[in-house]
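These notes concern the structure reproduced below.
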There are 4 protein chains.
Amino acid sequence: MEEQSTLQTQINTLGPCKLESTLPYRTWEDDKTIQVMVDEDLTEEATEPFSLALEAAGPRKKLYFDPSRAKCAIVTCGGLCPGLNDVIRAIVMEAYHAYHVPSVLGIPYGLEGFIPKYGHRPYELTPALVADIHRFGGTMLGSSRGPQAPEEIVDTLERSNVNALFIIGGDGTMKAARAIHAEVRTRNLKIAVIGIPKTIDNDINFIPQSFGFETAVFKATEAIECAHTEACGTPNGIGLVKLMGRESGFIAARATLALKDVNFVLIPEAAFTLEGEGGLLPALEDRLRTRGHAVIVAAEGAGQHLMQRNAGEDASGNPVLGDVSDLLRKAIADYLKKRGMAYSLKYIDPSYIIRSIPASANDKVYCGFLGQYAVHAAMAGRTDMVVAKIQDRYVHLPLELVTRRRRRLNIYSDLWRAVLESTGQGMLKGMLPPEQA
Amino acid sequence: MEEQSTLQTQINTLGPCKLESTLPYRTWEDDKTIQVMVDEDLTEEATEPFSLALEAAGPRKKLYFDPSRAKCAIVTCGGLCPGLNDVIRAIVMEAYHAYHVPSVLGIPYGLEGFIPKYGHRPYELTPALVADIHRFGGTMLGSSRGPQAPEEIVDTLERSNVNALFIIGGDGTMKAARAIHAEVRTRNLKIAVIGIPKTIDNDINFIPQSFGFETAVFKATEAIECAHTEACGTPNGIGLVKLMGRESGFIAARATLALKDVNFVLIPEAAFTLEGEGGLLPALEDRLRTRGHAVIVAAEGAGQHLMQRNAGEDASGNPVLGDVSDLLRKAIADYLKKRGMAYSLKYIDPSYIIRSIPASANDKVYCGFLGQYAVHAAMAGRTDMVVAKIQDRYVHLPLELVTRRRRRLNIYSDLWRAVLESTGQGMLKGMLPPEQA
Amino acid sequence: MEEQSTLQTQINTLGPCKLESTLPYRTWEDDKTIQVMVDEDLTEEATEPFSLALEAAGPRKKLYFDPSRAKCAIVTCGGLCPGLNDVIRAIVMEAYHAYHVPSVLGIPYGLEGFIPKYGHRPYELTPALVADIHRFGGTMLGSSRGPQAPEEIVDTLERSNVNALFIIGGDGTMKAARAIHAEVRTRNLKIAVIGIPKTIDNDINFIPQSFGFETAVFKATEAIECAHTEACGTPNGIGLVKLMGRESGFIAARATLALKDVNFVLIPEAAFTLEGEGGLLPALEDRLRTRGHAVIVAAEGAGQHLMQRNAGEDASGNPVLGDVSDLLRKAIADYLKKRGMAYSLKYIDPSYIIRSIPASANDKVYCGFLGQYAVHAAMAGRTDMVVAKIQDRYVHLPLELVTRRRRRLNIYSDLWRAVLESTGQGMLKGMLPPEQA
Amino acid sequence: MEEQSTLQTQINTLGPCKLESTLPYRTWEDDKTIQVMVDEDLTEEATEPFSLALEAAGPRKKLYFDPSRAKCAIVTCGGLCPGLNDVIRAIVMEAYHAYHVPSVLGIPYGLEGFIPKYGHRPYELTPALVADIHRFGGTMLGSSRGPQAPEEIVDTLERSNVNALFIIGGDGTMKAARAIHAEVRTRNLKIAVIGIPKTIDNDINFIPQSFGFETAVFKATEAIECAHTEACGTPNGIGLVKLMGRESGFIAARATLALKDVNFVLIPEAAFTLEGEGGLLPALEDRLRTRGHAVIVAAEGAGQHLMQRNAGEDASGNPVLGDVSDLLRKAIADYLKKRGMAYSLKYIDPSYIIRSIPASANDKVYCGFLGQYAVHAAMAGRTDMVVAKIQDRYVHLPLELVTRRRRRLNIYSDLWRAVLESTGQGMLKGMLPPEQA
C-alpha cells in the first residue's frame with residue numbers, strides 16, 4: 001500500500017498554483033486520484049496484484065501558468081504511428097479554444113527541429129492550420145530519429161519562451177524527455193515537460209493499449225488475409241507476414257485473434273525452435289501435408305535467439321535486429337527441399353503501410369483525449385510525466401515509471417492462451433510457460 | 001466495502017464442482033476475483049467511487065459439467081449488432097476445440113426458435129459451419145424481437161437435453177434470460193444460463209463498452225462525413241444525421257469526437273430547447289449566417305421531452321419513440337421560413353447500414369474473448385450471469401445487476417465535456433449540468 | 001454516312017485560330033477525329049448501328065486564346081456527385097501548369113454565384129488552393145439547383161473578363177450552358193462555353209458511363225449488402241433499398257450485378273405490376289415462403305406508372321416523383337397482412353451517403369482527363385460542347401446532342417439480360433421486351 | 001479493310017451448329033459483328049487507325065452442343081488477380097442456370113491439376129459451392145505456374161468427357177491454350193477451348209483493360225499514399241513503391257494519375273538514365289533540396305536496361321527480372337552520400353497485397369460478363385479464342401491475336417502525357433518520344 005503514495009507523489013509539479021481556472025466545466029482538485037488494480041497483465045514481474053493510486057488526468061481548479069500569456073511547443077519523434085496528427089490537433093485546439101493560449105509552436109522533424117545546425121524552422125500552429133490534419137496519416141510536423149543534446153534543446157526552449165513542451169514519441173523519446181526535464185530543473189526554468197507515449201508495438205510499460213495500436217491491428221489483418229489468400233492459391237502455399245514488434249508481439253497476437261487464419265505466430269516473448277520435436281519446421285511440414293497451405297505471422301523481434309546479434313544500434317539507439325523473415329525463408333527452403341517438397345512462399349512486409357495510415361475512429365477519440373489531458377496537465381504545472389489511459393481511465397504517470405522497462409506480452413495471459421487456441425500451435429516448444437508445458 | 005462480497009457472491013452456480021479441468025493452460029481457482037473501482041463513469045447515482053470485487057472470467061480448475069457429454073445451445077435476439085457472428089463462432093470453437101463438447105445447437109430466429117408453433121428448427125453448429133461467419137455482418141442464426149413464454153423455452157431446452165444456454169441480446173433479452181433461469185431453477189434442472197449482453201446503443205448497465213459499439217461508431221462517422229459534405233455543398237446547407245441511441249447518446253457522442261465536423265449533438269440525456277435564449281434554432285440560424293452550413297447529429301431518443309409520447313410499445317417491449325428527425329425538420333422549416341432564410345436540409349438515417357456490417361478487428365478480438373469466457377463460465381457451472389469487460393479485464397456479472405437499469409451518458413463526464421468543446425454547443429440550454437450551467 | 005460529317009461539324013468554334021501551341025507534347029491538327037460505331041447500346045431508337053466521326057479531344061496545334069492572357073471560370077451545379085473536386089482540380093492544374101493561364105475564377109454555389117443579388121463572391125482558384133481537394137467528396141465551390149437568367153450570367157462573365165467558362169452539371173445545367181452560349185453569341189463575345197456532364201444516374205445521352213458512376217455503384221453495393229444481411233437476420237425479412245435513378249435504372253442494375261444478393265430490381269424502364277400473374281407481390285410472397293427472405297432494389301423513378309403524378313417540379317425543373325418506397329411499403333404491408341404473413345421490412349435510402357463520397361481511383365483518373373480535355377478544347381476556341389468518353393476514347397460532343405434526350409437503360413441489352421439472370425426476376429411482367437416476353 | 005474479314009473469320013468453330021437455343025432472351029445470328037476502330041492506343045505499331053470487324057460476344061441462335069449433356073471444365077493458371085473467383089462463379093452460374101449444363105469440373109491448382117502425377121483431384125463445381133466465392137480474393141481452385149504437356153492435358157479432358165474448357169490465365173497460359181486446342185484438333189475431338197485472359201499488368205494485346213486491373217490500381221494508390229506520408233514524415237524522405245508491371249507500366253501510370261502524389265514514375269517503356277543531365281538522381285536531389293521529400297513509383301520491369309540480365313527464366317517461362325528497387329536503392333545511396341545528403345528511404349512492395357484482394361464492384365460486373373460470354377461462346381461451338389471487352393463492347397478474339405505480342409504503354413498517348421504533367425518528370429531523359437524530346 002506504500003506503493004500508492006509513492007506513485008502518486010512522483011508527479012512533479014513546477015511549483016505552487018498561481019491562479020484559478022476559468023474553464024466553464026467542472027474542474028478537479030489537485031488530489032483527485034484513481035485507484036488501479038495492477039495484476040499480471042500490467043507487470044510481468046508482479047507476483048501479487050496490487051492497488052495503485054494514480055493522479056487522475058483532467059482540468060484542475062488551480063492553474064500554474066496564466067494561459068493568456070503561455071507559450072506551448074509540440075514535437076513528434078521516432079517512427080510514424082496512426083494518430084500523431086490527432087494528438088497534435090487536440091493539443092492545439094485545447095490550448096487555443098479552452099485555455100486561450102496565444103501561441104503554440106510546431107517543432108519540425110523531431111528533436112532535430114530544436115537544433116539550429118539542421119536548419120529546420122519552428123513555426124506557429126494555429127487552429128486553422130491543424131483543422132483537417134486528422135484526416136491524414138503521418139505527422140504534419142515531420143519526425144526524426146535519435147537523440148540530441150538536452151542542453152541545446154533547452155537553449156531553444158528558453159530562447160523561444162516556451163512554457164510547456166509536449167513531446168510525442170517512443171521509449172527513447174520518453175528518456176529524452178526526462179533528460180530535457182532534468183536540464184530544465186538544473187537551470188531552474190518554468191517549463192512543463194509532458195510526454196505522450198507513442199509506440200506502435202504497444203510496449204510502453206504500464207500502458208495496456210497505446211494510441212494507434214488498434215488501427216495498426218486492423219491494417220495488419222488485411223495483410224494477413226492477403227497472405228492467407230496467396231497461401232491457399234498454390235500447392236503447398238506458405239504466406240509469411242512480418243509485423244512490427246521489436247521486443248513484444250502484441251500486434252502479431254491481436255491481429256491473429258481478429259482474423260483466425262494464422263497457423264503460426266512467432267513473437268519475441270516465446271522462444272521457438274526450428275527443428276526437432278516441437279520445432280516449427282516439422283510442424284509446418286505436417287500442416288502442409290495435411291492441409292496444403294500455411295500462414296505464418298512473425299513479429300520483427302521474433303527468433304533473435306536463433307541469430308547472431310552484434311549488428312550495433314540504429315539511429316534511435318535500439319539494437320539492430322536480425323531479420324526474422326530471412327531466417328525463416330532460408331530455414332524453410334533448406335528443410336522442405338531436403339524432404340523433396342515443392343512449395344511456394346509469399347512474403348509480405350506491410351510495416352510502412354500500417355504505420356502511415358490515418359487513425360481509426362476509436363483511436364481518433366483516444367488521441368483527442370490524450371491531447372486535451374496533456375494540456376490540462378501542463379497548464380496546472382505538472383511536469384516530468386505522461387498522460388495515459390489505464391483501465392478505461394485517464395491518468396498521469398511519472399516519466400520514470402514508463403521508461404523503467406518495456407512492456408512485453410505475458411505468455412501466462414489469456415491473450416496468449418487465446419492465440420494458442422486460435423492457431424493450434426500449443427505443441428511448439430517455447431509457446432507455453434515452463435510449468436504448463 | 002460490503003459491496004464487494006455482495007456482488008461477488010451473487011454469481012449463481014449450479015452446484016458443487018464435479019471434475020478437474022483438463023485444459024492445457026493455466027486455470028483459475030474458484031475464488032479468483034478482480035478489483036474494480038467504480039466511479040461516476042460507471043454509475044450515475046454513485047456519489048463516491050467505491051471498490052468492487054468481481055469474479056474473474058476465465059478457465060476454472062474444477063468443472064461442473066463433464067464436457068465430453070455436455071450439450072450447448074446458442075440463441076441471438078433483438079436487432080443486429082456487429083460481432084454477433086464472432087460471438088457465435090467463438091462459443092462453438094471453444095466448446096468443440098477446448099472442451100471437446102460433442103454438440104452445440106443453434107436456435108434459429110431468436111426466442112421464436114424455441115417455440116414449436118413458429119416452425120423453426122434448431123440445428124447443429126459445427127466448427128466447419130461457423131468457420132467463416134465472422135467475415136459477415138448480421139447473425140447466421142437469425143433473430144427476432146419480443147418475449148416468449150419461459151416455460152415453453154425451458155420445455156425445449158429440457159427436451160433437447162441442453163446443459164448450457166448462451167443467450168445473446170439486449171436489455172429485454174437479459175430479462176428473458178433471468179426468467180428462463182428462474183424457470184430452470186423451479187424445475188430444478190441443471191442448465192447453465194449465460195448471457196452475452198448485446199447493445200449497439202452501449203447502454204447496458206455497468207459495461208463501459210459493449211461489443212460492436214466501436215464498429216458502429218466508425219461507421220457512423222462515415223455518415224456524418226457525408227452529411228458534412230452535403231451541408232458544405234449548398235447555400236445554408238444543413239446535414240442532419242439520426243443515429244442509434246434510444247435512451248443514451250453514446251454513439252452520437254463518440255462519433256462526434258472522432259470526426260470533429262459536428263456542430264450540434266442532441267442526446268436523450270441532455271434536454272435541449274428549440275426556441276428562445278439557448279435554444280437550438282437560434283443557434284442554428286446563427287451558425288448558418290456566420291458559416292453557411294451546419295451539421296446536426298441526433299440520437300434517436302433525443303428530444304422526446306418535446307414530443308407527445310403515448311405511442312405504445314414495440315415488439316421488444318420498448319416504448320415507441322417519437323421521431324426526432326421529424327421534429328427537427330419541421331421545427332427548422334418553420335423557424336427559418338419565418339426568418340426568410342432559404343436553406344437545404346439533407347437527412348441521413350444510416351441505422352441499418354451501421355448495425356449490419358461485420359465487426360472491426362478490435363471488436364472481433366473482443367467478441368472472441370466474450371465467447372470463450374462464456375464457455376468457461378458455463379462449463380464451471382456458473383449461471384444467471386453475463387460475461388463482460390470492465391476496466392480492461394473480463395469478469396462475471398450477475399444478470400440482476402446488468403438488468404437493473406440502463407446505462408446513460410453522464411453529462412458530468414469528460415466524454416461529454418469533450419463533446420461540448422468539439423461542437424462548441426455549450427451555450428445551448430440543457431447541455432451542462434445545472435450547477436455548471 | 002452523312003451522319004458523320006454532320007456531327008463532326010457541329011462543334012462550334014469561336015473563330016479562326018490565333019497562335020501556335022507551345023505545349024511540350026504532341027498536339028493534334030484540327031481535323032483529328034475518332035470513328036465511333038453507334039449501336040443499340042448508345043441510342044435506343046437506332047435500329048441499325050451506324051458509324052460516327054467525332055472530333056477527338058486533345059491538345060491542338062493552333063490555339064484561339066493567348067493562354068498567358070486568358071481568364072477561366074468554373075462552376076458546379078445541381079446535386080453532388082463523386083469526382084466534382086477532381087474535375088475542378090484538373091481544370092485548374094491544366095490551365096496553370098500546361099497553359100500558364102494567369103487566372104481561374106471559382107464561381108460559388110452554382111449558377112447563383114453569377115447573380116449579384118445572392119451575395120456570393122467568385123474567388124481565385126490557385127493550384128495551392130485545389131491541391132488536396134480530390135481527397136474529399138462534394139464540391140469545394142458549393143452548388144445550387146435551378147436556372148438563373150442567362151443575361152445576368154453573361155453580364156457577370158463579361159464584367160469579369162472571362163474567356164472560358166467550364167460548367168459542370170446535369171441535364172438541366174447543360175441546357176443552361178446552351179442558353180449561356182446563345183447569349184454569348186448574341187452579344188458576339190469571345191467566351192468559350194465548355195460543359196462537363198455530371199449525372200450520378202448515368203443518364204446523359206450518348207455517354208456510356210459518366211464520371212462518379214462507378215464510385216456510386218461501389219457504394220450502393222454496400223447498402224445492398226446491409227439490406228441482405230438485415231433480410232437474412234429475421235423471419236420473412238425484406239430488405240428494401242432505394243437508389244438514385246430518376247429516369248434510368250443504371251445504378252440499380254449495375255449494383256445488382258456486382259453483388260448478386262438482389263432478388264428484385266425495379267427500374268423506370270421496366271413497367272412492373274404489383275398484383276396478379278407476373279406481379280411483384282405474389283413473386284415476393286413466393287420468395288419468402290421458399291427462402292425466408294428477400295432483397296428489393298428500386299431506382300427512385302421506378303413504379304411511377306403506378307402512382308399519381310402531378311406534384312409539380314423541383315428547383316432543377318425536374319418533375320417531382322412519387323416515392324416508390326412508400327408505394328412498395330404500403331403495397332407489401334397490405335398484401336402480406338391479407339395473407340397472414342408476419343414479416344419485417346428494413347428500408348435503406350443511401351442516396352446522400354453515395355453521392356458525397358470521394359471518387360474511386362478509376363473515377364479520379366477519368367475526372368482528371370475530363371478536366372484536362374476541357375481546357376484543351378477551350379484554349380483551342382471550341383464552344384457549345386462537352387467533353388466525353390465514348391468507347392474508351394475522349395471526344396467533343398455538341399451540347400445540342402447531349403441535351404436532346406436522356407439516356408435510358410435498354411431492356412434489350414446484355415446488361416439487362418444479365419440482371420434478369422442474376423435476380424431470376426424474368427417471370428415478372430414488364431421485365432422482358434414485348435416480343436421476347 | 002481486308003483486316004476486317006481476316007480477323008472476323010479467324011474465330012474457329014467446332015463444326016456446323018446442331019440445335020436451336022432455348023434461351024428466354026434475344027439471341028444473335030452467327031454473323032453478328034462489332035466494328036472497332038483501332039488507333040494508336042490499341043496497337044503501338046499501327047501508323048494509321050484502321051477499322052476491324054470483330055465477332056460480337058453473346059448468346060447465339062444456334063448451339064453446337066446440346067447443353068443438357070455437355071460437360072465443362074474450368075482452370076485458373078499463373079499468379080493471383082482480383083476477379084478470378086468472380087469469373088469462375090459466373091461460368092458455373094451461367095452454365096447451370098441459363099444452359100442447364102449438368103456438370104462443371106473444377107481443375108485444382110492450374111495446369112498441374114490435369115496431370116495425374118501431381119495427385120490433385122478435379123471436382124464438381126455446383127452453384128451452391130460457388131455462391132459466395134466472389135466475396136473473397138484469390139481463386140477457389142488454386143493455381144500453379146508453368147506449362148504441362150498438352151497431350152497429358154487433353155488425355156484428361158478426353159477421359160473426363162469434357163466438351164468445353166475454360167482456361168483463365170496470362171500470356172503463357174493463352175499460349176498453352178493454343179497448344180491444347182492444337183492437340184484437340186489433331187485428335188479430332190469436339191472440345192471447345194475458350195480463354196479468359198488474366199493479367200494484372202494489363203499487358204494482353206488488343207485488350208485495353210483486363211479484369212482486376214482497376215482493383216489493382218485502387219489498391220496501389222493506398223500504398224503510394226503511405227509512401228507519400230512516410231516521405232513527408234522525415235527530413236529528405238524518399239518513398240519508393242514497386243508495383244507490378246514486368247513489361248508495361250500501366251498500373252504505375254494509372255495509380256499515379258489517381259493519386260497525384262508521385263514525383264517520378266519509372267516504367268519499362270521509358271528508358272530513363274540515372275546520372276548526368278536529364279538523369280533521375282540529379283532530379284531527385286533537386287526535388288529533395290527544394291521540397292524536402294520525394295515519391296518514386298517503379299514498375300517491376302523498369303530500368304532493366306541498366307542491369308545485367310541473364311538470370312534465366314521463372315516457372316512461367318518469363319525471364320527473371322533484375323530488381324529495380326535494389327538498383328534504385330543502391331544508386332540513390334551512392335549518389336546522395338557522395339553529396340553529403342542525409343536522407344531516409346522507405347521502400348514498399350505491395351504486390352501480394354494488391355493481387356489477392358477481392359475485385360471492386362466494377363470489376364465484379366466485368367468478370368460476370370466475361371464468364372457469361374465465355375459460356376455463350378463455348379455452347380455455340382466457338383474455340384481457340386478469348387472473350388474480351390474492347391471499346392465498351394464484348395467480342396471474340398482469336399487466341400492467335402492476343403498471344404502475338406504483349407501490350408505496352410504507348411508513350412505517345414494521352415495517358416503518358418497526363419502522367420508527365422502530373423509528376424512533372426518531363427525533363428527526365430527517355431520520358432518523351434524522340435521527336436518530341
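By convention here, the chains of the C-alpha cells are called A, B, ... in the order presented, each chain's residues are numbered starting at 1, and ligands are numbered starting at 1 in the order presented.
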Residues of chain D within 9 Å of chain A, counting only C-alpha atoms, as an MDAnalysis selection string: chainID D and resid 79:80 109:110 136:145 222:223 225:227 229:230 232:235 346:357
Just write the chosen residues, C-alpha atoms, as a short mmCIF file (atom, residue, chain, number, x, y, z; two decimals), in the first residue's frame.
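The resulting file, part.cif, is reproduced below:
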data_model
loop_
_atom_site.label_atom_id
_atom_site.label_comp_id
_atom_site.auth_asym_id
_atom_site.auth_seq_id
_atom_site.Cartn_x
_atom_site.Cartn_y
_atom_site.Cartn_z
CA GLY D 79 -0.42 -15.50 -60.36
CA LEU D 80 -3.43 -14.24 -58.47
CA TYR D 109 -4.04 -25.84 -58.96
CA GLY D 110 -3.77 -24.76 -62.59
CA PHE D 136 -13.08 -13.45 -51.43
CA GLY D 137 -9.84 -12.75 -53.26
CA GLY D 138 -7.68 -15.38 -54.91
CA THR D 139 -9.02 -18.39 -56.73
CA MET D 140 -11.02 -21.10 -55.03
CA LEU D 141 -9.48 -23.58 -57.48
CA GLY D 142 -5.91 -22.74 -56.64
CA SER D 143 -3.35 -22.10 -59.33
CA SER D 144 0.16 -23.03 -60.40
CA ARG D 145 2.78 -21.72 -62.78
CA GLU D 222 -3.14 3.13 -50.99
CA ALA D 223 0.50 2.05 -50.97
CA GLU D 225 -0.33 7.33 -50.30
CA CYS D 226 1.55 5.60 -47.48
CA ALA D 227 4.85 6.19 -49.26
CA THR D 229 3.10 10.08 -45.88
CA GLU D 230 6.36 8.37 -44.94
CA CYS D 232 6.83 13.76 -45.76
CA GLY D 233 7.45 12.48 -42.24
CA THR D 234 11.22 12.76 -42.18
CA PRO D 235 13.92 15.12 -43.48
CA LYS D 346 11.12 3.82 -47.14
CA TYR D 347 10.55 1.00 -49.58
CA ILE D 348 7.11 -0.57 -50.07
CA ASP D 349 6.39 -3.65 -52.17
CA PRO D 350 2.62 -4.13 -52.06
CA SER D 351 2.37 -6.74 -54.83
CA TYR D 352 0.87 -9.62 -52.86
CA ILE D 353 -1.45 -7.26 -51.04
CA ILE D 354 -2.74 -5.93 -54.33
CA ARG D 355 -3.29 -9.10 -56.29
CA SER D 356 -5.04 -11.08 -53.59
CA ILE D 357 -7.90 -8.75 -52.68
#
DSSP-assigned strand (DSSP E) members of range 224-404 of chain D, reported as JSON, numbers by chain: {"D": [237, 238, 239, 240, 241, 242, 243, 264, 265, 266, 293, 294, 295, 296, 297, 298, 299, 344, 345, 346, 347, 348, 382, 383, 385, 386, 387, 388, 389, 390, 393, 394, 395, 396, 397, 398]}
Interatomic distance (Å, one decimal) between CA of Ile168 in chain B and CA of Pro197 in chain B: 5.9 Å
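What separates CA of Gly249 in chain B from CA of Lys219 in chain B is a distance of 15.5 Å.
Between CA of Tyr373 in chain A and CA of Gly278 in chain B there is a distance of 28.3 Å.
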Need the shell around range 414-422 of chain C: protein/DNA/RNA residues with any atom at most 9 Å away, counting only C-alpha atoms. Skip same-chain ones fewer than 6 positions apart. Format as an mmCIF file with C-alpha atoms, in the first residue's frame?
data_model
loop_
_atom_site.group_PDB
_atom_site.id
_atom_site.type_symbol
_atom_site.label_atom_id
_atom_site.label_comp_id
_atom_site.auth_asym_id
_atom_site.auth_seq_id
_atom_site.Cartn_x
_atom_site.Cartn_y
_atom_site.Cartn_z
ATOM 1 C CA ALA C 253 -28.792 -2.587 -62.421
ATOM 2 C CA ARG C 254 -25.043 -2.381 -62.073
ATOM 3 C CA THR C 256 -27.210 -5.749 -58.621
ATOM 4 C CA LEU C 257 -24.717 -7.366 -60.966
ATOM 5 C CA LYS C 260 -25.677 -10.941 -56.672
ATOM 6 C CA ASP C 261 -27.764 -10.710 -53.497
ATOM 7 C CA VAL C 262 -30.731 -8.946 -55.053
ATOM 8 C CA ASN C 263 -33.997 -10.717 -55.848
ATOM 9 C CA PHE C 264 -35.993 -7.907 -57.433
ATOM 10 C CA VAL C 265 -34.679 -4.828 -59.234
ATOM 11 C CA MET C 431 -39.185 -7.208 -67.466
ATOM 12 C CA LEU C 432 -38.717 -8.511 -70.987
ATOM 13 C CA TYR D 25 -33.705 -13.844 -74.192
ATOM 14 C CA ARG D 26 -32.848 -12.398 -77.549
ATOM 15 C CA GLY D 58 -23.295 -13.069 -76.830
ATOM 16 C CA MET D 93 -23.902 -19.981 -62.769
ATOM 17 C CA GLU D 94 -24.392 -19.352 -66.491
ATOM 18 C CA HIS D 97 -28.891 -21.718 -64.747
ATOM 19 C CA ALA D 98 -29.011 -20.451 -68.353
ATOM 20 C CA GLY D 368 -19.515 -11.581 -64.578
ATOM 21 C CA PHE D 369 -19.905 -10.674 -68.226
ATOM 22 C CA GLN D 372 -21.258 -15.442 -69.209
#
Using only C-alpha atoms, which residues sit within 12 Å of Val154 in chain D once same-chain residues fewer than 5 positions away are excluded, as a short mmCIF file (atom, residue, chain, number, x, y, z; two decimals) with N, CA and C atoms, in the first residue's frame?
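Okay, around-v5.cif is ready:
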data_model
loop_
_atom_site.label_atom_id
_atom_site.label_comp_id
_atom_site.auth_asym_id
_atom_site.auth_seq_id
_atom_site.Cartn_x
_atom_site.Cartn_y
_atom_site.Cartn_z
N ALA D 73 -15.25 -27.63 -68.00
CA ALA D 73 -14.15 -27.65 -67.03
C ALA D 73 -13.56 -26.26 -66.95
N LEU D 111 -2.66 -25.88 -64.41
CA LEU D 111 -2.46 -26.98 -65.36
C LEU D 111 -1.98 -28.24 -64.65
N PHE D 114 -4.40 -31.16 -64.23
CA PHE D 114 -4.71 -32.12 -65.29
C PHE D 114 -3.78 -33.34 -65.25
N ILE D 115 -2.66 -33.18 -64.57
CA ILE D 115 -1.60 -34.19 -64.68
C ILE D 115 -1.67 -35.13 -63.48
N GLN D 148 2.48 -27.56 -68.87
CA GLN D 148 2.37 -29.02 -68.74
C GLN D 148 2.16 -29.56 -70.16
N ALA D 149 2.43 -30.80 -70.34
CA ALA D 149 2.33 -31.39 -71.68
C ALA D 149 0.89 -31.34 -72.19
N ARG D 159 -10.63 -38.23 -71.16
CA ARG D 159 -11.02 -39.22 -70.15
C ARG D 159 -12.23 -38.74 -69.34
N SER D 160 -12.30 -37.41 -69.12
CA SER D 160 -13.39 -36.88 -68.31
C SER D 160 -14.58 -36.45 -69.14
N ASN D 161 -14.51 -36.69 -70.47
CA ASN D 161 -15.62 -36.32 -71.35
C ASN D 161 -15.96 -34.84 -71.31
N VAL D 162 -14.95 -34.01 -71.18
CA VAL D 162 -15.19 -32.57 -71.15
C VAL D 162 -15.46 -32.06 -72.57
N ASN D 163 -16.48 -31.21 -72.72
CA ASN D 163 -16.79 -30.61 -74.02
C ASN D 163 -16.27 -29.19 -74.17
N ALA D 164 -16.12 -28.52 -73.03
CA ALA D 164 -15.70 -27.11 -73.11
C ALA D 164 -14.75 -26.83 -71.97
N LEU D 165 -13.56 -26.33 -72.34
CA LEU D 165 -12.57 -25.98 -71.33
C LEU D 165 -12.46 -24.46 -71.25
N ALA D 176 -0.51 -21.78 -73.88
CA ALA D 176 -0.84 -23.17 -73.53
C ALA D 176 -2.21 -23.54 -74.08
N ALA D 177 -3.15 -22.59 -74.01
CA ALA D 177 -4.49 -22.85 -74.55
C ALA D 177 -4.44 -23.15 -76.05
N ALA D 179 -1.92 -24.47 -77.61
CA ALA D 179 -1.34 -25.81 -77.76
C ALA D 179 -2.38 -26.89 -77.44
N ILE D 180 -3.19 -26.63 -76.43
CA ILE D 180 -4.25 -27.59 -76.10
C ILE D 180 -5.22 -27.69 -77.27
N HIS D 181 -5.60 -26.53 -77.81
CA HIS D 181 -6.50 -26.55 -78.95
C HIS D 181 -5.89 -27.32 -80.12
N ALA D 182 -4.61 -27.13 -80.36
CA ALA D 182 -3.96 -27.82 -81.48
C ALA D 182 -4.03 -29.34 -81.26
N GLU D 183 -3.77 -29.76 -80.03
CA GLU D 183 -3.82 -31.19 -79.72
C GLU D 183 -5.25 -31.72 -79.88
N VAL D 184 -6.22 -30.91 -79.43
CA VAL D 184 -7.63 -31.30 -79.58
C VAL D 184 -7.97 -31.50 -81.05
N ARG D 185 -7.50 -30.58 -81.88
CA ARG D 185 -7.78 -30.65 -83.31
C ARG D 185 -7.08 -31.87 -83.94
N THR D 186 -5.84 -32.10 -83.51
CA THR D 186 -5.10 -33.26 -84.03
C THR D 186 -5.88 -34.55 -83.76
N ARG D 187 -6.44 -34.63 -82.58
CA ARG D 187 -7.17 -35.84 -82.22
C ARG D 187 -8.60 -35.83 -82.76
N ASN D 188 -8.94 -34.68 -83.38
CA ASN D 188 -10.28 -34.56 -83.94
C ASN D 188 -11.38 -34.67 -82.88
N LEU D 189 -11.10 -34.06 -81.72
CA LEU D 189 -12.08 -34.10 -80.62
C LEU D 189 -13.03 -32.91 -80.71
N LYS D 190 -14.14 -33.03 -80.05
CA LYS D 190 -15.11 -31.93 -80.01
C LYS D 190 -15.02 -31.24 -78.66
N ILE D 191 -13.95 -30.52 -78.45
CA ILE D 191 -13.76 -29.80 -77.18
C ILE D 191 -13.48 -28.33 -77.49
N ALA D 192 -14.35 -27.47 -77.02
CA ALA D 192 -14.14 -26.04 -77.20
C ALA D 192 -13.12 -25.54 -76.18
N VAL D 193 -12.16 -24.75 -76.66
CA VAL D 193 -11.16 -24.17 -75.76
C VAL D 193 -11.35 -22.65 -75.76
#
Backbone-only DSSP, helix (DSSP H, G or I) members of range 24-212 of chain A, as an NGL selection string: :A and (67-69 or 84-98 or 110-114 or 116-118 or 127-130 or 133-135 or 150-159 or 171-186)
Contact residues around Asn205 in chain D with only C-alpha atoms at 6 Å, ignoring same-chain residues under 6 positions, as number ranges by chain: D: 402, 406-407
Dump as a PDB file, in the first residue's frame, selection limited to N, CA and C atoms:
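Saved the output as out-v3.pdb:
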ATOM      1  N   VAL D 402      -4.254 -12.474 -79.534  1.00  0.00           N
ATOM      2  CA  VAL D 402      -3.887 -11.952 -78.209  1.00  0.00           C
ATOM      3  C   VAL D 402      -2.521 -12.434 -77.760  1.00  0.00           C
ATOM      4  N   ARG D 406       2.904  -8.679 -76.411  1.00  0.00           N
ATOM      5  CA  ARG D 406       2.322  -8.070 -75.221  1.00  0.00           C
ATOM      6  C   ARG D 406       2.007  -6.604 -75.479  1.00  0.00           C
ATOM      7  N   ARG D 407       0.961  -6.159 -74.844  1.00  0.00           N
ATOM      8  CA  ARG D 407       0.587  -4.762 -74.960  1.00  0.00           C
ATOM      9  C   ARG D 407       1.515  -3.912 -74.087  1.00  0.00           C
TER      10      ARG D 407
END
Shell of 8 Å around Ile133 in chain A, only C-alpha atoms, local chain residues under 4 positions omitted, as a PyMOL selection string: chain A and resi 85-86+89+140
Just to be explicit: take each residue in the selection above, keep N, CA and C atoms, and write the result as a PDB file, in the first residue's frame.
ATOM      1  N   ASN A  85      -1.198  13.003 -35.879  1.00  0.00           N
ATOM      2  CA  ASN A  85      -1.854  14.267 -36.228  1.00  0.00           C
ATOM      3  C   ASN A  85      -3.039  14.558 -35.321  1.00  0.00           C
ATOM      4  N   ASP A  86      -3.739  13.514 -34.894  1.00  0.00           N
ATOM      5  CA  ASP A  86      -4.871  13.726 -33.992  1.00  0.00           C
ATOM      6  C   ASP A  86      -4.412  14.301 -32.657  1.00  0.00           C
ATOM      7  N   ARG A  89      -3.402  17.949 -33.246  1.00  0.00           N
ATOM      8  CA  ARG A  89      -4.607  18.757 -33.409  1.00  0.00           C
ATOM      9  C   ARG A  89      -5.286  19.017 -32.065  1.00  0.00           C
ATOM     10  N   MET A 140       2.124  15.965 -39.371  1.00  0.00           N
ATOM     11  CA  MET A 140       2.307  17.186 -40.152  1.00  0.00           C
ATOM     12  C   MET A 140       3.621  17.880 -39.807  1.00  0.00           C
TER      13      MET A 140
END
